[in-house]
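Step one of this worksheet: look at the structure below.
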Amino acid sequence: MTFRVACAIGGVCLMGAGVWAEQPAAPAPARAPAAAPQTKMTDAAQNALVDTYCATCHDTITKSGDLVLERFNVSSPLISAELIEKMIRKLRAGQMPPGGAERPEPEEIAALVDALEARADAMGARAVDPGERPFPRLNRAEYARVVKDLVGVDIDPAAILPPDTASGGFDNIADVQAVSPALITAYLRGASTISRAALAPGAAASRGKILTCSPRTAAEEAKCAEAIVGRLMSVAYRGAATPEDAADALGFYQRGRARGTFEDGIQLALQSILVSPRFLFRLEPATASRERDDVALASRLSFFLWSRGPDETLMAAARRGALHTPAELAAAARRMIADPRAEALSTRFAAQWLRLQDLKDSSPLGLAMRRETELVIADLIRRDGSVMELITSNRSFLNERLATHYGIPNVRGEAFRAVTLPDNRRGLLGQGSILTLTSLGTRTSPVLRGKWVLDVLLGTPPPPPPPNVPALDESVKAERNGAPLSTRQRVEEHRKNPSCSGCHRVIDPPGMTLENFGPTGAWRAEDNGVAIDPAADLYDGRRMDGAAGLRAALVVHQDMVLRNFTQQLLTYALGRRVSYKDMPAVRAIVRAAAADNNRFSAFVAGVVTSAAFRSASPQKEP
Amino acid sequence: MFITRKSLSRRAVLRGLGAAVALPALDAMTPAMAFGRTTARPAPRLICIEMVHGAAGSSALGAERHLWAPEAIGREFDLTPTSLNGLAAFREHLTIVSNTDVACAEPYTAREIGGDHFRSSAVYLTQAHPKLTDGADVEAGTSLDQIYASRVGRDSPIPSMQMCIEDVDQGGACGFPYACAYTDSISWASPTQPLPMIRNPRVVFDEMFGVLGSGEAPEQQRARLADDRSILDWLGTAIGRLSRDLGAADRRRLADYLDNIREIERRLQAVEAFNRSGETRALPTAPAGVPDSFTEHVRLMFDLQLVALRSDITRVFAFKLGRDNSNRVYPESGCTGAFHPTSHHSGKIEKILDFAKLNHFHVSQLAYLLERMRDTPDHDGTLLDNSVVLYGSPMGDSNLHNHKRVPFLIAGHAGGRITGGLHIKAPAGTPLANAMLGVLHALGADDVGQFGDSEAALDLNSFNPRSA
């Protein structure tokens, strides 16, 4: 017996509106994709399947999800890659057709989505578009690291620079980095303050780093100044300093020297270097030569992997042209992610991807939670483990405060140490950080947790709630007929409202499996006196029993998890939002990584050898 | 005139007394800052304040109970039941404009439904409908503060400043396909140029006084300013040289940077002109950072605004007190719930009253500013006489995410062009833009004929008894 879901009455969740907006900018595939999987499904069969199962709701009248699939013709030369990518995302995730609607056999869906992917990959290969972005400027986090490398001074960038505008979930997206008088003033004041602080009496470490020579006679001064300024520029300008740049900086040295001491001269030269566009901006010349390309690539690599400028090893490789082939790039990346400076991949990339900034708790426990997640990711990167360990691993790092919170004995002191977790704590979904940042103060929120799983792990964000939807607290009391209700029971009550159920039957179940973790991630057997029921059905019908069930479901859907991870990594690496045009490249990276056990380094190698990462950001002529 | 660190450091005093380190009351530190150089009446000063999430009084039940606007229109209004009651001492300085709508913040298309939280702040001072994009191609309108700054800003070293209270780093905060700029900023230099709002009082301080000098001896300061000028000069040539190697789009981006450098040069010149006047001015102590307490943070920002207004460093401020979707808890308000959930009151009266406590708490912050403005002599009156302070929200009933009957009030007299002591209830459907156009006219921008979706300027000095 078959039946059709009533699509017009809010029974279906219009998901995916937020995946990518209609922005024209963008990029594309790395290299010609690996041979697309051969499919036996004919074009006619694909069209028939779409017509039968999709076009009822996605018709020209209902336009469910703002998507029209009526008269869908996959072999039309006018078929849009953007449309195909939307379909792929929903179908590959198993989110369409929606629960309650008639579904084809899983094999049929798989064959259709294989065919759609092969087609999208082929379209991408025919029109390779590496995308573009304007030159990035140093954001707060990069500014602090680069200043530390240059002069050895620790600064709080939030006390110097205006906030970074986020886009695509990250703080390093170049095209939204607008210039304002406030920003220029901040850079100017920062240069003045930092150059003075670095050379202040008593600042032994930074003085030692900067003043690499000390002239004893007036005759020695010029030579020493040249050496000092030369070193500062080579680090600050990341290999791009020209003789003109050197003359400029020495001009400032002379100006400062003329009205004061030798150190006054160095200070002013340093101040000028700290406001130079070569320092503040990552300029990449459009007039390419192989060496200049490689120098630019060195910076791209180091800001991606370290959030700071290249070191001498990397610069040397660029200068001798050994940063050019995919193999050379991948090798350089492997060295860099094994370096301690790759901390930025956990404290910046992963922290923003996972939204750790929403963990506003600065108590020792809150800080320990954040640290645990950062350490687990840093450890994964160091061991070059499989990215799927983020879901499944029982390896973690705890201090006494957090171990006590988890009920794990025998961890003493403030220092973190490696701990083998009990099975219920495996993966990110057992971590206090994630469980707390998706809670609402004193209660858990299966809705926020479910949304986090869909959005952050699977890359299929649900739409925002429509207006006039009451929040849970108001709509359902914490008791019924005098009997207390658990959060789960209240959420289920809430979901009886038909205008809510379409989305919430997709959003809530992953969150419900985590109900054994309280609002700060402590284990619990009861909620409001009611025994926890952690079983729920995923949108694809799969039964999940507690956190273990959710982890198993994510492993089944690991394609989506890894694609989304790759998409996030690519966004952060490129400093631009990715779009449907990048999806063939994303799939190629995921395929190649699968052949290397999904190692972290395989994803990094895929990103840095992609056309989007390697090609100079081309400029559209006006 | 030179700025020197002569005044008493309250922080030092507190440290001396062994008290917990408190933030300095900047106004008390700056006896020599008010200098009224000219005999001509100065242009009115402007502070535009936004609070998010509408008001309890914008809901149907809340309006019945007069939780935002008072019941009586005209001059005989009673603030007691309203969220404005904390400003009772300043009622003669208030012009309450109620019953206006912000139609440009409503969704225009199906895709925009549900995006109210991400779109509203961009509408508040622009009264323009933001373009749906999550890219750099943002577009709204030029904001009221910037329209005014483009007229009077050049007479002071810094044409305008932008400040805020909440951080902008919320994960997925701009997940809806609206660029974060729409949520982060209320100040738009042009329809495509949102300005960053600064949260850290220290950064605000450095922007104000970094330009003016940081408490050095006059010779040192002169040398430093000369150094700054030489560096800025050099940047002009250096940028020209660098541009040669770049592609067209990057050249344009660098040209933007150069324009901003020129603006900073202009500010430095203005400062040097100030300094040549010979009088010594004192500089307040720099604030340490962001206070945890909302009230302390807001007051510190007000202190900085007052210092800047008194010393004529700038004449225009935009100040964002909240951020959409914020779950901040305000323990001092008497309401224990978080901001966003509390704003979804389900239309139930006890929840609406709870939300009104938050509104009352937020509005009451203004009293601190207004009191100091009232007590500051300025030309032939007080700073409050010669200023306009706007306070409002681009949302109305937060439970419904609508933008009707939005909260809005004006304090101050714009140099005599606004009488005050008045509650104006606009006819149903009146755009808030009408009131804002009235404000622009009161500020002396009489020639502006249209602002956002305005139909006509609202007369801020009269009320129509029939509209009640």
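Simple scheme: letters A, B, ... for chains in structure tokens order, numbers from 1 for residues in each chain, numbers from 1 for ligands in the order shown.
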
**Asked** In range 373-463 of chain A, what's alpha helix (DSSP H) per DSSP? Answer as JSON, numbers by chain?
**Response** {"A": [373, 374, 375, 376, 377, 378, 379, 380, 381, 382, 383, 389, 390, 391, 392, 400, 401, 402, 403, 404, 405, 406, 432, 433, 434, 435, 436, 437, 446, 447, 448, 449, 450, 451, 452]}

**Request:** Skip Thr192 in chain B itself and residues of its chain fewer than 6 positions away, then list as a ChimeraX atom specification all residues within 8 Å of it, counting only C-alpha atoms.
**Result:** /B:137-141

Write the residues of the preceding selection, restricted to C-alpha atoms, as a PDB file, in the first residue's frame.
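And here is the file that came out, again32.pdb:
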```
ATOM      1  CA  ASP B 137      27.324  41.771  -1.614  1.00  0.00           C
ATOM      2  CA  VAL B 138      25.305  43.083   1.314  1.00  0.00           C
ATOM      3  CA  GLU B 139      22.896  45.912   0.695  1.00  0.00           C
ATOM      4  CA  ALA B 140      20.553  47.834   2.970  1.00  0.00           C
ATOM      5  CA  GLY B 141      20.528  51.648   3.179  1.00  0.00           C
TER       6      GLY B 141
END
```

**Item:** Pick from A:Asn528, A:Asn399, A:Ser610, A:Gln352, whichever lies nearest to chain B using only C-alpha atoms
**Value:**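 Using only C-alpha atoms, the shortest distance to chain B belongs to A:Gln352.
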
**Request:** Run DSSP on the backbone and give me the residues of range 105-292 of chain B it puts in strand (DSSP E), as a ChimeraX atom specification.
**Result:** /B:161-164,188-190,193-194,280-282

**Message:** Counting only C-alpha atoms, which residue out of A:Arg449, A:Lys63, A:Arg495, A:Arg133 sits closest to Thr571 in chain A?
**Reply:** A:Arg133

**Item:** Nearby residues (only C-alpha atoms) at most 10 Å from Ala197 in chain A, same-chain spacing under 3 positions excluded, as an NGL selection string
**Value:** :A and (151 or 153 or 191-194 or 200-203 or 206-207 or 267)

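Closest to chain A among B:His344, B:Arg262, B:His93, B:Arg417 is B:His344, based on only C-alpha atoms.
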
Selection near Val561 in chain A, 9 Å with only C-alpha atoms, sequence-local residues under 6 positions removed, as a PDB file with N, CA and C atoms, in the first residue's frame:
```pdb
ATOM      1  N   MET A 388      36.825   9.765  11.308  1.00  0.00           N
ATOM      2  CA  MET A 388      35.644   9.150  11.923  1.00  0.00           C
ATOM      3  C   MET A 388      35.854   8.858  13.407  1.00  0.00           C
ATOM      4  N   VAL A 456      26.084  20.709  12.147  1.00  0.00           N
ATOM      5  CA  VAL A 456      27.540  20.704  12.317  1.00  0.00           C
ATOM      6  C   VAL A 456      28.173  19.395  11.854  1.00  0.00           C
ATOM      7  N   LEU A 457      27.495  18.258  12.092  1.00  0.00           N
ATOM      8  CA  LEU A 457      28.099  16.973  11.701  1.00  0.00           C
ATOM      9  C   LEU A 457      27.664  16.521  10.300  1.00  0.00           C
ATOM     10  N   LEU A 458      26.381  16.682   9.981  1.00  0.00           N
ATOM     11  CA  LEU A 458      25.893  16.144   8.710  1.00  0.00           C
ATOM     12  C   LEU A 458      25.835  17.182   7.594  1.00  0.00           C
ATOM     13  N   GLY A 459      25.931  18.459   7.953  1.00  0.00           N
ATOM     14  CA  GLY A 459      25.897  19.495   6.919  1.00  0.00           C
ATOM     15  C   GLY A 459      24.524  19.688   6.299  1.00  0.00           C
ATOM     16  N   LEU A 554      25.555   7.612  12.551  1.00  0.00           N
ATOM     17  CA  LEU A 554      26.483   8.539  11.902  1.00  0.00           C
ATOM     18  C   LEU A 554      27.560   7.782  11.119  1.00  0.00           C
ATOM     19  N   VAL A 555      27.925   6.607  11.634  1.00  0.00           N
ATOM     20  CA  VAL A 555      28.893   5.802  10.884  1.00  0.00           C
ATOM     21  C   VAL A 555      28.250   5.304   9.586  1.00  0.00           C
TER      22      VAL A 555
END
```
